[in-house]
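The structure file final-v7.txt is reproduced below (compact mmCIF, N, CA and C atoms).
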# COMPACT_ATOMS: atom_id res chain seq x y z
N MET M 1 0.84 -1.18 0.00
CA MET M 1 0.00 0.00 0.00
C MET M 1 0.88 1.24 0.00
N VAL M 2 0.49 2.23 -0.75
CA VAL M 2 1.25 3.47 -0.85
C VAL M 2 1.07 4.28 0.42
N SER M 3 2.16 4.75 0.97
CA SER M 3 2.12 5.59 2.16
C SER M 3 1.87 7.03 1.74
N LEU M 4 0.77 7.58 2.19
CA LEU M 4 0.44 8.97 1.84
C LEU M 4 1.02 9.92 2.88
N PRO M 5 1.43 11.10 2.45
CA PRO M 5 1.95 12.07 3.41
C PRO M 5 0.88 12.52 4.39
N GLN M 6 1.31 12.90 5.57
CA GLN M 6 0.38 13.41 6.57
C GLN M 6 0.01 14.85 6.25
N PHE M 7 -1.26 15.16 6.36
CA PHE M 7 -1.72 16.51 6.08
C PHE M 7 -2.11 17.20 7.36
N THR M 8 -1.93 18.50 7.38
CA THR M 8 -2.35 19.30 8.53
C THR M 8 -3.44 20.25 8.07
N PRO M 9 -4.28 20.72 8.97
CA PRO M 9 -5.34 21.64 8.57
C PRO M 9 -4.82 22.90 7.90
N ALA M 10 -3.54 23.20 8.07
CA ALA M 10 -2.99 24.39 7.43
C ALA M 10 -2.78 24.19 5.92
N CYS M 11 -2.86 22.95 5.45
CA CYS M 11 -2.68 22.69 4.03
C CYS M 11 -3.79 23.33 3.22
N HIS M 12 -3.46 23.78 2.04
CA HIS M 12 -4.46 24.37 1.16
C HIS M 12 -5.53 23.34 0.82
N GLY M 13 -6.76 23.68 1.01
CA GLY M 13 -7.86 22.80 0.65
C GLY M 13 -8.14 21.72 1.68
N ALA M 14 -7.48 21.74 2.83
CA ALA M 14 -7.69 20.70 3.83
C ALA M 14 -8.78 21.15 4.80
N PHE M 15 -9.50 20.17 5.33
CA PHE M 15 -10.49 20.47 6.36
C PHE M 15 -10.56 19.27 7.29
N ALA M 16 -11.04 19.48 8.52
CA ALA M 16 -11.07 18.42 9.52
C ALA M 16 -12.47 18.28 10.09
N ASP M 17 -12.79 17.06 10.56
CA ASP M 17 -14.09 16.82 11.19
C ASP M 17 -13.93 16.54 12.69
N GLY M 18 -12.76 16.84 13.25
CA GLY M 18 -12.50 16.58 14.65
C GLY M 18 -11.71 15.30 14.87
N LYS M 19 -11.85 14.33 13.98
CA LYS M 19 -11.12 13.07 14.10
C LYS M 19 -10.18 12.84 12.92
N HIS M 20 -10.56 13.33 11.75
CA HIS M 20 -9.81 13.07 10.53
C HIS M 20 -9.50 14.39 9.82
N ILE M 21 -8.45 14.37 9.06
CA ILE M 21 -8.12 15.51 8.21
C ILE M 21 -8.34 15.07 6.77
N PHE M 22 -9.10 15.83 6.04
CA PHE M 22 -9.42 15.50 4.66
C PHE M 22 -8.78 16.51 3.72
N MET M 23 -8.36 16.05 2.59
CA MET M 23 -7.76 16.91 1.58
C MET M 23 -8.66 16.89 0.36
N GLU M 24 -9.05 18.04 -0.10
CA GLU M 24 -9.84 18.09 -1.32
C GLU M 24 -8.98 17.66 -2.49
N ARG M 25 -9.57 16.89 -3.39
CA ARG M 25 -8.82 16.44 -4.57
C ARG M 25 -8.61 17.61 -5.51
N GLY M 26 -7.48 17.55 -6.21
CA GLY M 26 -7.15 18.58 -7.19
C GLY M 26 -6.22 18.03 -8.24
N PHE M 27 -5.82 18.87 -9.16
CA PHE M 27 -4.88 18.46 -10.20
C PHE M 27 -3.46 18.65 -9.69
N ASN M 28 -2.62 17.66 -9.93
CA ASN M 28 -1.24 17.69 -9.48
C ASN M 28 -0.35 18.09 -10.64
N THR M 29 0.59 18.97 -10.37
CA THR M 29 1.52 19.40 -11.42
C THR M 29 2.96 19.08 -11.09
N THR M 30 3.19 18.42 -9.95
CA THR M 30 4.55 18.02 -9.57
C THR M 30 4.49 16.69 -8.84
N GLY M 31 5.44 15.82 -9.12
CA GLY M 31 5.56 14.56 -8.38
C GLY M 31 4.50 13.55 -8.69
N ALA M 32 4.48 12.50 -7.87
CA ALA M 32 3.55 11.37 -8.07
C ALA M 32 2.12 11.78 -7.71
N CYS M 33 1.16 11.13 -8.35
CA CYS M 33 -0.26 11.34 -8.06
C CYS M 33 -0.76 10.23 -7.16
N PHE M 34 -1.66 10.58 -6.26
CA PHE M 34 -2.31 9.62 -5.37
C PHE M 34 -3.81 9.81 -5.50
N PRO M 35 -4.56 8.71 -5.71
CA PRO M 35 -6.00 8.82 -6.01
C PRO M 35 -6.80 9.59 -4.97
N ASP M 36 -6.41 9.51 -3.70
CA ASP M 36 -7.16 10.23 -2.66
C ASP M 36 -6.91 11.72 -2.69
N GLU M 37 -5.84 12.14 -3.36
CA GLU M 37 -5.47 13.55 -3.38
C GLU M 37 -5.67 14.22 -4.74
N HIS M 38 -5.53 13.44 -5.82
CA HIS M 38 -5.46 14.04 -7.15
C HIS M 38 -6.43 13.39 -8.12
N TYR M 39 -6.91 14.20 -9.05
CA TYR M 39 -7.64 13.65 -10.18
C TYR M 39 -6.64 12.97 -11.09
N MET M 40 -6.93 11.73 -11.50
CA MET M 40 -5.97 11.00 -12.31
C MET M 40 -6.63 9.82 -13.00
N ILE M 41 -6.00 9.34 -14.05
CA ILE M 41 -6.41 8.09 -14.68
C ILE M 41 -5.68 6.99 -13.95
N ALA M 42 -6.40 5.96 -13.55
CA ALA M 42 -5.79 4.87 -12.79
C ALA M 42 -4.64 4.25 -13.59
N PRO M 43 -3.47 4.07 -12.97
CA PRO M 43 -2.31 3.53 -13.69
C PRO M 43 -2.59 2.19 -14.36
N GLU M 44 -3.34 1.31 -13.72
CA GLU M 44 -3.59 0.00 -14.31
C GLU M 44 -4.31 0.08 -15.65
N ARG M 45 -5.03 1.17 -15.88
CA ARG M 45 -5.71 1.36 -17.18
C ARG M 45 -4.72 1.70 -18.28
N ARG M 46 -3.55 2.22 -17.91
CA ARG M 46 -2.55 2.63 -18.90
C ARG M 46 -1.44 1.61 -19.08
N LEU M 47 -1.41 0.57 -18.26
CA LEU M 47 -0.27 -0.32 -18.24
C LEU M 47 -0.53 -1.69 -18.86
N GLY M 48 -1.48 -1.79 -19.74
CA GLY M 48 -1.82 -3.08 -20.35
C GLY M 48 -0.63 -3.76 -21.01
N LYS M 49 0.13 -3.04 -21.82
CA LYS M 49 1.28 -3.61 -22.51
C LYS M 49 2.38 -4.00 -21.51
N VAL M 50 2.59 -3.17 -20.51
CA VAL M 50 3.59 -3.46 -19.48
C VAL M 50 3.21 -4.74 -18.72
N LEU M 51 1.94 -4.86 -18.34
CA LEU M 51 1.50 -6.06 -17.63
C LEU M 51 1.65 -7.30 -18.49
N GLN M 52 1.40 -7.18 -19.79
CA GLN M 52 1.59 -8.30 -20.71
C GLN M 52 3.07 -8.70 -20.76
N LEU M 53 3.96 -7.73 -20.86
CA LEU M 53 5.39 -8.03 -20.86
C LEU M 53 5.81 -8.74 -19.57
N LEU M 54 5.27 -8.30 -18.45
CA LEU M 54 5.60 -8.93 -17.18
C LEU M 54 5.08 -10.36 -17.10
N ARG M 55 3.88 -10.59 -17.63
CA ARG M 55 3.35 -11.97 -17.66
C ARG M 55 4.23 -12.88 -18.49
N GLU M 56 4.89 -12.31 -19.51
CA GLU M 56 5.78 -13.08 -20.38
C GLU M 56 7.22 -13.10 -19.85
N ASN M 57 7.41 -12.62 -18.62
CA ASN M 57 8.73 -12.55 -17.99
C ASN M 57 9.74 -11.76 -18.82
N LYS M 58 9.28 -10.68 -19.43
CA LYS M 58 10.14 -9.79 -20.19
C LYS M 58 10.33 -8.51 -19.39
N TYR M 59 11.30 -7.75 -19.77
CA TYR M 59 11.57 -6.50 -19.07
C TYR M 59 11.15 -5.32 -19.95
N PHE M 60 11.14 -4.15 -19.37
CA PHE M 60 10.75 -2.94 -20.09
C PHE M 60 11.45 -1.74 -19.47
N VAL M 61 11.50 -0.68 -20.22
CA VAL M 61 12.01 0.60 -19.74
C VAL M 61 10.86 1.58 -19.82
N LEU M 62 10.62 2.28 -18.75
CA LEU M 62 9.56 3.28 -18.71
C LEU M 62 10.21 4.64 -18.91
N GLN M 63 9.92 5.24 -20.03
CA GLN M 63 10.54 6.51 -20.40
C GLN M 63 9.45 7.44 -20.89
N GLY M 64 9.53 8.70 -20.56
CA GLY M 64 8.53 9.65 -21.02
C GLY M 64 8.86 11.05 -20.55
N GLY M 65 8.11 11.98 -21.03
CA GLY M 65 8.29 13.38 -20.67
C GLY M 65 7.83 13.68 -19.25
N ASN M 66 8.06 14.91 -18.86
CA ASN M 66 7.64 15.36 -17.53
C ASN M 66 6.13 15.26 -17.38
N GLN M 67 5.72 14.86 -16.18
CA GLN M 67 4.30 14.83 -15.80
C GLN M 67 3.45 13.93 -16.70
N THR M 68 4.00 12.79 -17.12
CA THR M 68 3.23 11.86 -17.96
C THR M 68 2.78 10.62 -17.21
N GLY M 69 3.12 10.52 -15.90
CA GLY M 69 2.64 9.41 -15.09
C GLY M 69 3.66 8.31 -14.83
N LYS M 70 4.93 8.55 -15.11
CA LYS M 70 5.95 7.52 -14.90
C LYS M 70 6.05 7.12 -13.43
N THR M 71 6.25 8.07 -12.55
CA THR M 71 6.40 7.78 -11.13
C THR M 71 5.13 7.17 -10.56
N THR M 72 3.99 7.72 -10.91
CA THR M 72 2.72 7.19 -10.44
C THR M 72 2.55 5.74 -10.87
N SER M 73 2.90 5.45 -12.12
CA SER M 73 2.79 4.07 -12.62
C SER M 73 3.74 3.14 -11.88
N LEU M 74 4.96 3.60 -11.63
CA LEU M 74 5.92 2.76 -10.92
C LEU M 74 5.51 2.50 -9.48
N ILE M 75 4.95 3.47 -8.83
CA ILE M 75 4.45 3.27 -7.46
C ILE M 75 3.34 2.22 -7.48
N TRP M 76 2.45 2.29 -8.47
CA TRP M 76 1.38 1.31 -8.57
C TRP M 76 1.97 -0.08 -8.81
N LEU M 77 2.93 -0.20 -9.74
CA LEU M 77 3.56 -1.49 -10.02
C LEU M 77 4.30 -2.04 -8.80
N GLU M 78 4.95 -1.16 -8.07
CA GLU M 78 5.69 -1.57 -6.87
C GLU M 78 4.75 -2.23 -5.85
N ASN M 79 3.52 -1.78 -5.79
CA ASN M 79 2.54 -2.34 -4.86
C ASN M 79 1.79 -3.53 -5.46
N TYR M 80 1.59 -3.53 -6.77
CA TYR M 80 0.83 -4.59 -7.44
C TYR M 80 1.64 -5.87 -7.63
N LEU M 81 2.89 -5.74 -8.05
CA LEU M 81 3.69 -6.92 -8.41
C LEU M 81 3.84 -7.95 -7.29
N PRO M 82 4.06 -7.55 -6.04
CA PRO M 82 4.14 -8.58 -4.99
C PRO M 82 2.87 -9.41 -4.85
N THR M 83 1.73 -8.85 -5.20
CA THR M 83 0.49 -9.63 -5.14
C THR M 83 0.44 -10.69 -6.24
N GLN M 84 1.33 -10.57 -7.23
CA GLN M 84 1.41 -11.52 -8.33
C GLN M 84 2.64 -12.42 -8.22
N GLY M 85 3.29 -12.39 -7.06
CA GLY M 85 4.47 -13.22 -6.85
C GLY M 85 5.72 -12.70 -7.54
N LYS M 86 5.76 -11.43 -7.88
CA LYS M 86 6.91 -10.83 -8.56
C LYS M 86 7.50 -9.73 -7.69
N ARG M 87 8.71 -9.33 -8.01
CA ARG M 87 9.37 -8.24 -7.30
C ARG M 87 9.57 -7.07 -8.25
N ALA M 88 9.62 -5.90 -7.69
CA ALA M 88 9.84 -4.70 -8.48
C ALA M 88 11.21 -4.11 -8.15
N LEU M 89 11.93 -3.70 -9.18
CA LEU M 89 13.19 -2.98 -9.01
C LEU M 89 13.03 -1.64 -9.69
N TRP M 90 13.17 -0.59 -8.91
CA TRP M 90 12.99 0.75 -9.42
C TRP M 90 14.35 1.43 -9.42
N LEU M 91 14.85 1.74 -10.58
CA LEU M 91 16.16 2.36 -10.73
C LEU M 91 15.98 3.74 -11.36
N ASP M 92 16.31 4.77 -10.61
CA ASP M 92 16.20 6.14 -11.09
C ASP M 92 17.61 6.64 -11.39
N VAL M 93 17.91 6.86 -12.65
CA VAL M 93 19.26 7.29 -13.05
C VAL M 93 19.34 8.79 -13.27
N GLN M 94 18.33 9.52 -12.87
CA GLN M 94 18.31 10.96 -13.08
C GLN M 94 19.52 11.65 -12.44
N THR M 95 19.90 11.22 -11.24
CA THR M 95 21.01 11.86 -10.55
C THR M 95 22.36 11.45 -11.16
N ALA M 96 22.40 10.45 -12.00
CA ALA M 96 23.65 10.03 -12.61
C ALA M 96 24.23 11.10 -13.53
N ARG M 97 23.40 12.01 -14.00
CA ARG M 97 23.87 13.10 -14.87
C ARG M 97 24.71 14.11 -14.12
N ASP M 98 24.48 14.23 -12.83
CA ASP M 98 25.12 15.28 -12.02
C ASP M 98 26.58 15.06 -11.83
Could you write out this structure as structure tokens?
Amino acid sequence: MVSLPQFTPACHGAFADGKHIFMERGFNTTGACFPDEHYMIAPERRLGKVLQLLRENKYFVLQGGNQTGKTTSLIWLENYLPTQGKRALWLDVQTARD
């Protein structure tokens, strides 16, 4: 399960009922998307070809432009694959340029 960040009532769009803090959903323009926080297309709907490759024990490279859902998809795969008896390896080479 994806660990969501803790929100405080001071967050923009947050409100509390005395026991829970709720965050209004909105559009995300930075970082990973989480369904409870952001409007988004579910990653599993976009990963049909990737899931097929995994069923065939093949590998893939996930490459794309900014804000196209790469991180969100990888977070979903990281949580989904163990339920299928597989492991996920997430390698981010972005810092290798530095």
Extract, using all atoms listed in the file, all DNA, RNA and protein residues at most 7 Å from M:Gln67, discarding same-chain residues fewer than 4 positions from it, and format them as a list in words. Thr29, Thr30 and Gly31 of chain M
If you measure from atom C of M:Gln94 to atom CA of M:Thr71, what distance in Å do you get, rounded to one decimal? 13.7 Å
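If you look at atom N of M:Leu89 and atom N of M:Cys33, they are 18.3 Å away from each other.
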Between atom CA of M:Asp92 and atom CA of M:Arg25, distance in Å (one decimal): 27.8 Å
Can you work out which one of M:Leu62, M:Phe27, M:Asp36, M:Leu91 has the shortest atom-to-atom distance to M:Lys49, counting only C-alpha atoms? M:Leu62
How would you write, as a CSV table (one decimal) with N, CA and C atoms, in the coordinates of the input, the set of residues in stretch 9-88 of chain M that DSSP gives as alpha helix (DSSP H)?
chain,number,residue,atom,x,y,z
M,43,PRO,N,-3.5,4.1,-13.0
M,43,PRO,CA,-2.3,3.5,-13.7
M,43,PRO,C,-2.6,2.2,-14.4
M,44,GLU,N,-3.3,1.3,-13.7
M,44,GLU,CA,-3.6,0.0,-14.3
M,44,GLU,C,-4.3,0.1,-15.6
M,45,ARG,N,-5.0,1.2,-15.9
M,45,ARG,CA,-5.7,1.4,-17.2
M,45,ARG,C,-4.7,1.7,-18.3
M,46,ARG,N,-3.6,2.2,-17.9
M,46,ARG,CA,-2.6,2.6,-18.9
M,46,ARG,C,-1.4,1.6,-19.1
M,48,GLY,N,-1.5,-1.8,-19.7
M,48,GLY,CA,-1.8,-3.1,-20.4
M,48,GLY,C,-0.6,-3.8,-21.0
M,49,LYS,N,0.1,-3.0,-21.8
M,49,LYS,CA,1.3,-3.6,-22.5
M,49,LYS,C,2.4,-4.0,-21.5
M,50,VAL,N,2.6,-3.2,-20.5
M,50,VAL,CA,3.6,-3.5,-19.5
M,50,VAL,C,3.2,-4.7,-18.7
M,51,LEU,N,1.9,-4.9,-18.3
M,51,LEU,CA,1.5,-6.1,-17.6
M,51,LEU,C,1.6,-7.3,-18.5
M,52,GLN,N,1.4,-7.2,-19.8
M,52,GLN,CA,1.6,-8.3,-20.7
M,52,GLN,C,3.1,-8.7,-20.8
M,53,LEU,N,4.0,-7.7,-20.9
M,53,LEU,CA,5.4,-8.0,-20.9
M,53,LEU,C,5.8,-8.7,-19.6
M,54,LEU,N,5.3,-8.3,-18.4
M,54,LEU,CA,5.6,-8.9,-17.2
M,54,LEU,C,5.1,-10.4,-17.1
M,55,ARG,N,3.9,-10.6,-17.6
M,55,ARG,CA,3.4,-12.0,-17.7
M,55,ARG,C,4.2,-12.9,-18.5
M,70,LYS,N,4.9,8.6,-15.1
M,70,LYS,CA,6.0,7.5,-14.9
M,70,LYS,C,6.0,7.1,-13.4
M,71,THR,N,6.2,8.1,-12.6
M,71,THR,CA,6.4,7.8,-11.1
M,71,THR,C,5.1,7.2,-10.6
M,72,THR,N,4.0,7.7,-10.9
M,72,THR,CA,2.7,7.2,-10.4
M,72,THR,C,2.6,5.7,-10.9
M,73,SER,N,2.9,5.4,-12.1
M,73,SER,CA,2.8,4.1,-12.6
M,73,SER,C,3.7,3.1,-11.9
M,74,LEU,N,5.0,3.6,-11.6
M,74,LEU,CA,5.9,2.8,-10.9
M,74,LEU,C,5.5,2.5,-9.5
M,75,ILE,N,5.0,3.5,-8.8
M,75,ILE,CA,4.4,3.3,-7.5
M,75,ILE,C,3.3,2.2,-7.5
M,76,TRP,N,2.4,2.3,-8.5
M,76,TRP,CA,1.4,1.3,-8.6
M,76,TRP,C,2.0,-0.1,-8.8
M,77,LEU,N,2.9,-0.2,-9.7
M,77,LEU,CA,3.6,-1.5,-10.0
M,77,LEU,C,4.3,-2.0,-8.8
M,78,GLU,N,5.0,-1.2,-8.1
M,78,GLU,CA,5.7,-1.6,-6.9
M,78,GLU,C,4.8,-2.2,-5.8
M,79,ASN,N,3.5,-1.8,-5.8
M,79,ASN,CA,2.5,-2.3,-4.9
M,79,ASN,C,1.8,-3.5,-5.5
M,80,TYR,N,1.6,-3.5,-6.8
M,80,TYR,CA,0.8,-4.6,-7.4
M,80,TYR,C,1.6,-5.9,-7.6
Do you know which residues are at most 10 Å from stretch 43-45 of chain M counting only C-alpha atoms, after dropping those on the same chain fewer than 3 positions away, and could you put them as an MDAnalysis selection string? chainID M and resid 33 40 48 50:51 69:70 72:77 80
